[in-house]
Structure formats: structure tokens, C-alpha cells
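**Q** Input file: structure_20.txt. Contents: compact mmCIF, C-alpha atoms and all ligand atoms.
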```txt
# COMPACT_ATOMS: atom_id res chain seq x y z
CA MET A 1 -27.95 -1.35 -18.68
CA THR A 2 -26.99 -2.67 -22.12
CA SER A 3 -27.05 -6.44 -22.62
CA ILE A 4 -23.74 -8.14 -22.01
CA SER A 5 -23.10 -11.62 -23.42
CA SER A 6 -20.81 -13.37 -20.89
CA PRO A 7 -21.44 -13.14 -17.15
CA ILE A 8 -19.24 -10.43 -15.67
CA ILE A 9 -17.47 -10.77 -12.36
CA GLY A 10 -16.09 -7.70 -10.65
CA LEU A 11 -12.53 -7.69 -9.33
CA ALA A 12 -12.26 -4.83 -6.88
CA GLY A 13 -9.18 -3.71 -5.04
CA GLY A 14 -7.39 -0.53 -4.14
CA ILE A 15 -4.19 0.70 -5.71
CA GLY A 16 -1.40 -1.87 -5.39
CA SER A 17 -3.72 -4.57 -4.06
CA GLY A 18 -2.69 -6.85 -6.95
CA LYS A 19 -5.49 -6.36 -9.50
CA SER A 20 -3.21 -6.41 -12.56
CA THR A 21 -1.13 -9.31 -11.28
CA ILE A 22 -4.23 -11.36 -10.48
CA THR A 23 -5.91 -10.43 -13.77
CA LYS A 24 -2.86 -11.59 -15.72
CA HIS A 25 -3.31 -15.00 -14.17
CA PHE A 26 -7.03 -15.14 -15.03
CA ASN A 27 -6.06 -14.11 -18.59
CA GLN A 28 -3.60 -17.01 -18.75
CA LEU A 29 -6.53 -19.28 -17.87
CA GLY A 30 -8.38 -17.91 -20.91
CA ILE A 31 -10.58 -15.39 -19.10
CA GLN A 32 -10.92 -12.02 -20.79
CA SER A 33 -11.00 -8.82 -18.79
CA VAL A 34 -11.70 -5.13 -18.99
CA ASP A 35 -9.49 -2.96 -16.84
CA ALA A 36 -11.03 0.34 -15.76
CA ASP A 37 -7.56 1.91 -15.40
CA ASP A 38 -6.82 1.12 -19.06
CA VAL A 39 -10.19 2.54 -20.08
CA ALA A 40 -9.54 5.67 -18.00
CA ARG A 41 -6.34 6.19 -20.01
CA LEU A 42 -8.06 5.46 -23.32
CA ILE A 43 -10.77 8.10 -22.93
CA VAL A 44 -8.19 10.89 -22.47
CA GLU A 45 -5.99 9.98 -25.41
CA PRO A 46 -5.21 12.81 -27.89
CA ASN A 47 -8.22 14.01 -29.91
CA THR A 48 -10.82 12.57 -27.54
CA HIS A 49 -13.74 14.64 -26.29
CA CYS A 50 -12.50 14.34 -22.71
CA LEU A 51 -8.95 15.48 -23.42
CA ASN A 52 -10.24 18.39 -25.50
CA ARG A 53 -12.42 19.55 -22.56
CA ILE A 54 -9.52 19.17 -20.10
CA HIS A 55 -7.28 21.18 -22.43
CA GLN A 56 -9.93 23.92 -22.72
CA ARG A 57 -10.19 24.16 -18.94
CA TYR A 58 -6.53 24.07 -17.93
CA GLY A 59 -4.70 25.34 -21.00
CA ASP A 60 -1.52 24.14 -22.72
CA ASP A 61 0.26 23.28 -19.44
CA ILE A 62 -1.97 20.23 -19.11
CA LEU A 63 -0.47 18.72 -22.28
CA LEU A 64 2.95 17.21 -22.82
CA GLU A 65 4.99 18.08 -25.91
CA ASP A 66 3.44 15.23 -27.91
CA LYS A 67 -0.04 16.63 -27.04
CA SER A 68 -0.85 13.76 -24.68
CA LEU A 69 -2.18 14.41 -21.18
CA ASN A 70 0.30 15.52 -18.54
CA ARG A 71 -1.04 13.20 -15.84
CA ARG A 72 1.24 14.54 -13.16
CA ALA A 73 0.00 18.11 -13.74
CA LEU A 74 -3.62 16.93 -13.66
CA ARG A 75 -3.01 14.88 -10.51
CA ASP A 76 -1.53 17.96 -8.80
CA ILE A 77 -4.59 20.04 -9.72
CA ILE A 78 -7.13 17.56 -8.42
CA PHE A 79 -5.21 16.69 -5.26
CA ASN A 80 -5.16 20.33 -4.24
CA GLN A 81 -8.58 21.50 -5.47
CA PRO A 82 -11.54 19.26 -4.60
CA GLN A 83 -13.93 21.17 -6.88
CA GLU A 84 -11.66 20.38 -9.83
CA LYS A 85 -11.69 16.70 -8.90
CA THR A 86 -15.50 16.84 -9.01
CA TRP A 87 -15.42 18.59 -12.39
CA LEU A 88 -13.04 15.99 -13.80
CA GLU A 89 -15.06 13.06 -12.46
CA THR A 90 -18.29 14.50 -13.87
CA LEU A 91 -16.59 14.62 -17.26
CA THR A 92 -14.73 11.31 -17.24
CA HIS A 93 -16.85 8.86 -15.24
CA PRO A 94 -19.73 8.65 -17.76
CA ALA A 95 -17.20 8.25 -20.61
CA ILE A 96 -15.38 5.51 -18.71
CA ARG A 97 -18.61 3.74 -17.85
CA SER A 98 -19.83 3.80 -21.43
CA GLU A 99 -16.50 2.54 -22.86
CA ILE A 100 -16.40 -0.21 -20.20
CA GLN A 101 -19.84 -1.39 -21.31
CA ILE A 102 -18.73 -1.44 -24.96
CA GLN A 103 -15.67 -3.53 -24.08
CA LEU A 104 -17.59 -5.90 -21.77
CA LYS A 105 -20.01 -6.70 -24.57
CA LYS A 106 -17.09 -8.02 -26.64
CA ILE A 107 -16.09 -10.61 -24.04
CA SER A 108 -16.48 -14.14 -25.33
CA SER A 109 -14.80 -16.26 -22.60
CA PRO A 110 -17.09 -18.31 -20.27
CA TYR A 111 -17.08 -15.34 -17.92
CA GLY A 112 -15.32 -11.99 -17.97
CA LEU A 113 -13.68 -9.82 -15.37
CA LEU A 114 -14.31 -6.15 -14.76
CA VAL A 115 -11.19 -4.98 -12.94
CA HIS A 116 -11.80 -1.73 -11.13
CA PRO A 117 -10.13 0.23 -8.31
CA LEU A 118 -13.41 2.12 -7.68
CA LEU A 119 -15.98 -0.53 -8.52
CA PHE A 120 -18.33 0.20 -5.61
CA GLU A 121 -17.50 3.91 -5.42
CA THR A 122 -18.70 4.37 -9.04
CA LYS A 123 -21.55 1.84 -8.60
CA GLN A 124 -20.22 -0.28 -11.46
CA ASN A 125 -20.75 -3.36 -9.31
CA SER A 126 -24.22 -3.12 -10.89
CA LEU A 127 -22.65 -4.44 -14.13
CA CYS A 128 -21.46 -7.58 -12.33
CA GLU A 129 -23.06 -10.90 -11.37
CA PHE A 130 -20.91 -10.84 -8.27
CA VAL A 131 -17.79 -9.19 -6.95
CA ILE A 132 -14.46 -10.51 -5.71
CA ALA A 133 -12.58 -8.12 -3.42
CA ILE A 134 -8.84 -8.36 -2.99
CA ASP A 135 -7.91 -8.43 0.67
CA ILE A 136 -4.52 -7.03 1.58
CA PRO A 137 -3.28 -5.40 4.79
CA ALA A 138 -2.72 -1.65 4.30
CA ASP A 139 0.96 -1.92 5.26
CA ILE A 140 1.76 -4.46 2.53
CA GLN A 141 -0.33 -2.45 0.07
CA ILE A 142 1.65 0.72 0.84
CA GLN A 143 4.98 -1.12 0.51
CA ARG A 144 3.97 -2.56 -2.88
CA VAL A 145 2.78 0.82 -4.20
CA MET A 146 5.95 2.54 -2.97
CA SER A 147 8.23 0.06 -4.71
CA ARG A 148 6.16 -0.26 -7.91
CA ASP A 149 5.52 3.46 -8.46
CA ASN A 150 8.61 4.85 -6.76
CA VAL A 151 6.48 7.16 -4.58
CA ASN A 152 6.82 7.95 -0.89
CA ARG A 153 4.51 6.67 1.85
CA ASP A 154 2.67 9.98 2.00
CA ASN A 155 1.70 9.87 -1.68
CA ALA A 156 0.69 6.22 -1.49
CA GLU A 157 -1.53 6.96 1.53
CA LYS A 158 -3.05 10.01 -0.20
CA ILE A 159 -4.23 7.88 -3.13
CA MET A 160 -5.52 5.15 -0.81
CA ALA A 161 -7.52 7.76 1.09
CA THR A 162 -9.54 8.49 -2.06
CA GLN A 163 -10.62 4.83 -2.27
CA LEU A 164 -12.80 2.64 -0.06
CA SER A 165 -10.91 1.01 2.78
CA ASN A 166 -10.06 -2.64 2.44
CA ALA A 167 -12.55 -3.48 5.20
CA GLU A 168 -15.38 -1.53 3.56
CA ARG A 169 -14.75 -3.15 0.17
CA ILE A 170 -14.69 -6.62 1.70
CA LYS A 171 -17.97 -5.95 3.50
CA ARG A 172 -19.66 -5.22 0.16
CA ALA A 173 -18.08 -8.05 -1.88
CA ASP A 174 -19.40 -11.57 -2.41
CA LEU A 175 -16.01 -13.30 -2.39
CA ILE A 176 -12.61 -12.43 -0.95
CA LEU A 177 -9.22 -13.14 -2.52
CA GLU A 178 -6.41 -12.70 -0.06
CA ASN A 179 -3.16 -11.42 -1.61
CA SER A 180 -0.67 -10.92 1.19
CA GLY A 181 1.29 -14.10 0.40
CA SER A 182 3.58 -14.94 -2.50
CA ILE A 183 2.65 -14.70 -6.17
CA SER A 184 2.57 -18.50 -6.42
CA ASP A 185 0.17 -18.68 -3.40
CA MET A 186 -2.05 -16.21 -5.19
CA ASN A 187 -1.88 -18.08 -8.52
CA ALA A 188 -2.97 -21.27 -6.75
CA LYS A 189 -5.94 -19.44 -5.18
CA VAL A 190 -6.93 -17.97 -8.54
CA LEU A 191 -6.93 -21.44 -10.12
CA ILE A 192 -9.24 -22.81 -7.41
CA LEU A 193 -11.51 -19.78 -7.69
CA HIS A 194 -11.60 -20.06 -11.49
CA HIS A 195 -12.84 -23.67 -11.30
CA LYS A 196 -15.45 -22.75 -8.67
CA ILE A 197 -16.71 -19.95 -10.90
CA LEU A 198 -16.89 -22.25 -13.95
CA GLU A 199 -18.84 -24.82 -11.92
CA SER A 200 -21.28 -22.17 -10.73
CA LEU A 201 -22.10 -20.92 -14.24
CA PRO A 202 -25.32 -22.07 -15.90
CA CYS A 203 -24.54 -24.60 -18.71
P1 LIG B 301 -2.89 -3.00 -8.83
O1 LIG B 301 -3.10 -3.41 -10.26
O2 LIG B 301 -4.01 -3.39 -7.93
O3 LIG B 301 -2.53 -1.56 -8.65
P2 LIG B 301 -0.50 -4.68 -9.07
O4 LIG B 301 -1.00 -5.97 -9.59
O5 LIG B 301 0.21 -3.76 -10.03
O6 LIG B 301 -1.64 -3.86 -8.28
O7 LIG B 301 0.46 -5.02 -7.83
C1 LIG B 301 1.17 -3.99 -7.16
C2 LIG B 301 2.63 -4.41 -7.01
O8 LIG B 301 2.67 -5.51 -6.10
C3 LIG B 301 3.25 -4.89 -8.31
O9 LIG B 301 4.60 -4.47 -8.33
C4 LIG B 301 3.15 -6.41 -8.23
O10 LIG B 301 4.19 -7.04 -8.94
C5 LIG B 301 3.26 -6.64 -6.73
N1 LIG B 301 2.49 -7.81 -6.26
C6 LIG B 301 1.20 -8.10 -6.50
N2 LIG B 301 0.84 -9.25 -5.88
C7 LIG B 301 1.95 -9.68 -5.23
C8 LIG B 301 2.24 -10.82 -4.39
N3 LIG B 301 1.31 -11.73 -4.08
N4 LIG B 301 3.49 -10.93 -3.90
C9 LIG B 301 4.44 -10.00 -4.18
N5 LIG B 301 4.24 -8.92 -4.95
C10 LIG B 301 3.00 -8.76 -5.47
```
Once you've parsed the file, please lay out its structure as C-alpha cells.
Ligand code: ADP
**A**
Amino acid sequence: MTSISSPIIGLAGGIGSGKSTITKHFNQLGIQSVDADDVARLIVEPNTHCLNRIHQRYGDDILLEDKSLNRRALRDIIFNQPQEKTWLETLTHPAIRSEIQIQLKKISSPYGLLVHPLLFETKQNSLCEFVIAIDIPADIQIQRVMSRDNVNRDNAEKIMATQLSNAERIKRADLILENSGSISDMNAKVLILHHKILESLPC
């Protein structure tokens, strides 16, 4: 592992668990973050090695008119063909991991957050001092994904099935942040957690 200046804390949670909402609040408290979803989008931008390989494999239909990735087309391919999902992950995961490490090294706040829907699944918890898992009942999670992404229950459940269950993630985490209440409840919990983390850091 490359050396990283600020201690990194993992924030793990499935789709719709509240990672972005929670991260925004940490950011307002001055804590910098690296979001694996943003990095995953960055490494397939036009003219990247990853997008060029994807284009070679699937042809022009995988690109939109402006030459950016047609995510919906790619999602359809990997949902229906497990071997293609493996091919894609073999291509993108190392690129994501390496870009995440580059971005983590730039963090200068007292600690930084690595926000990741697949933190344990991709073993990137190894980049973190410790990991906070977001706890949310599956029913609330599904409702939030359905209303945010305008997808049906079936699609929301399909994506969740590719990720660790809430219970499994919690078992592996060091701290739990419960996010089934209101946004202001959650903001109050983040503030308490933030102060606890600051107190626990070496001077
Ligand atoms: P993730 O980044 O983990 O996919 P988001 O932070 O985007 O999840 O949250 C999913 C949806 O749920 C968003 O529409 C967000 O506004 C909403 N949300 C998150 N936390 C809460 C909460 N405590 N109360 C109500 N809605 C929430």
C-alpha cells in the first residue's frame, strides 16, 4: 500500500443507505472524502484506457452520441451475463483502486473518509484505520432507492443482491451509524461521531 498522509476511515453502505447524504455532512464539518462511485465514473470517462477497452469489446452501441459511456447498456449486459460482469470488474477494479489511492493521498483534513458501496467486497477496508457501516433496514433502503432513482422494487433488489447484506457489513465494521431516522437525527449522530473520531486521533 502507498503511504497516505491523513488517517482514512471507511464509510461503507449499500446503495441508498445514505452514504452521499452522510458524507455531505462530514464535508460540512471540514472532513474531506473520496467517493468510490465518483471514481468509478471518472475512470470510464471518454479517452480513458477503461472506456477504450469497453468500447473495443462491445462496439459503438456502448457509447452515447457524445462518446460517453452508455451506462444503461452496460448495466443490461452485466446483469444478464455474469462472465461479462467478471470481465468488467477485472478491468475496472484495479483502475478504481489505484485512482482512490491517488485521491486519498491528497487528503489534508484531520482524517479522511473513503466512501464505498463495496468496501469489504473489494477488500479496500485494508486502506482504512477503521470502518463505519451504515445500518438501515432493507425496506427503508429499497423505498429510498426507488424514489431517488425512479426504479421499481425489482431493480432496487437486484442491485442490493450484488452487495453484502446490511447484517454482514455490520458484522465486519468497527462502528455502526444508524440511518433509518430523519436527516436531522443523522446529522446529530454524525456530529457526535466526528468529535469522537477527532478525540481518538493521535495528536
Ligand atoms: P447512497 O449514497 O448510499 O446511495 P444517498 O445518500 O443518495 O445514498 O441516500 C439515498 C436517498 O435517501 C437520497 O434520496 C437521500 O436524500 C435519502 N436519504 C438519505 N438519508 C436519509 C434520511 N435519514 N432520511 C430521509 N431520507 C434520506
**Q** Could you list, with a cut-off of 6 Å and counting only C-alpha atoms and all ligand atoms, the residues of chain A near ligand LIG 301 (chain B), each shown with its nearest atom pair and the distance in Å rounded to one decimal, rows sorted by chain and ascending number, as a tab-separated table?
**A**
```
residue	atom	partner	partner_atom	distance
A:Gly13	CA	B:LIG301	O2	5.9
A:Gly14	CA	B:LIG301	O2	5.8
A:Ile15	CA	B:LIG301	O3	4.1
A:Gly16	CA	B:LIG301	O3	3.5
A:Ser17	CA	B:LIG301	O2	4.1
A:Gly18	CA	B:LIG301	O4	3.3
A:Lys19	CA	B:LIG301	O2	3.7
A:Ser20	CA	B:LIG301	O4	3.7
A:Thr21	CA	B:LIG301	O4	3.7
A:Arg144	CA	B:LIG301	O8	4.6
A:Val145	CA	B:LIG301	C1	5.9
A:Arg148	CA	B:LIG301	O9	4.5
A:Asn179	CA	B:LIG301	N3	5.1
A:Ser180	CA	B:LIG301	N3	5.7
A:Gly181	CA	B:LIG301	N3	5.1
A:Ser182	CA	B:LIG301	N3	4.2
A:Ile183	CA	B:LIG301	N3	3.9
A:Met186	CA	B:LIG301	N3	5.7
```
**Q** Which residue, A:Leu127, A:Leu42, A:Arg53, A:Gln141, has the smallest gap to Leu104 (chain A) when you use all atoms listed in the file?
**A**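 Under the stated criterion, the closest residue is A:Leu127.
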**Q** Let me make sure I understand: among A:Leu201, A:Lys196, A:Tyr58, A:Ile43, which one has the smallest atom-to-atom distance to Ala95 (chain A) if we use all atoms listed in the file?
**A**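 Using all atoms listed in the file, the shortest distance to Ala95 (chain A) belongs to A:Ile43.
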**Q** Which residue is closest to Ile8 (chain A)? Choose from A:Ala156, A:Ile107, A:Leu193, A:Cys128 and count all atoms listed in the file.
**A** A:Cys128
**Q** Region 71-86 of chain A: which residues within 7 Å, counting only C-alpha atoms, same-chain residues fewer than 3 positions away excluded, as a list in words?
**A**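 So the residues in contact are Ile62, Glu89 and Thr90 of chain A.
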**Q** Report, in Å with one decimal, the straight-line distance from CA of Asn155 (chain A) to CA of Asp139 (chain A).
**A** 13.7 Å
**Q** Hey, which of A:Arg169, A:Leu69, A:Glu178, A:Asn187 ends up closest to Ile140 (chain A)? Count only C-alpha atoms.
**A** A:Glu178
**Q** Please determine, counting only C-alpha atoms, which residue among A:Gln124, A:Val190, A:Lys67, A:Ser108 has the shortest atom-to-atom distance to Glu45 (chain A).
**A**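 The closest residue to Glu45 (chain A) is A:Lys67.
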**Q** Interatomic distance between CA of Asp37 (chain A) and CA of His116 (chain A)?
**A**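 Between CA of Asp37 (chain A) and CA of His116 (chain A) the gap works out to 7.0 Å.
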**Q** In Å, how far is it from CA of Ile9 (chain A) to CA of Asp38 (chain A)?
**A** 17.3 Å
**Q** When you count only C-alpha atoms, which of these residues is closest to Arg57 (chain A): A:Trp87, A:Phe26, A:Phe120, A:Phe130?
**A** A:Trp87
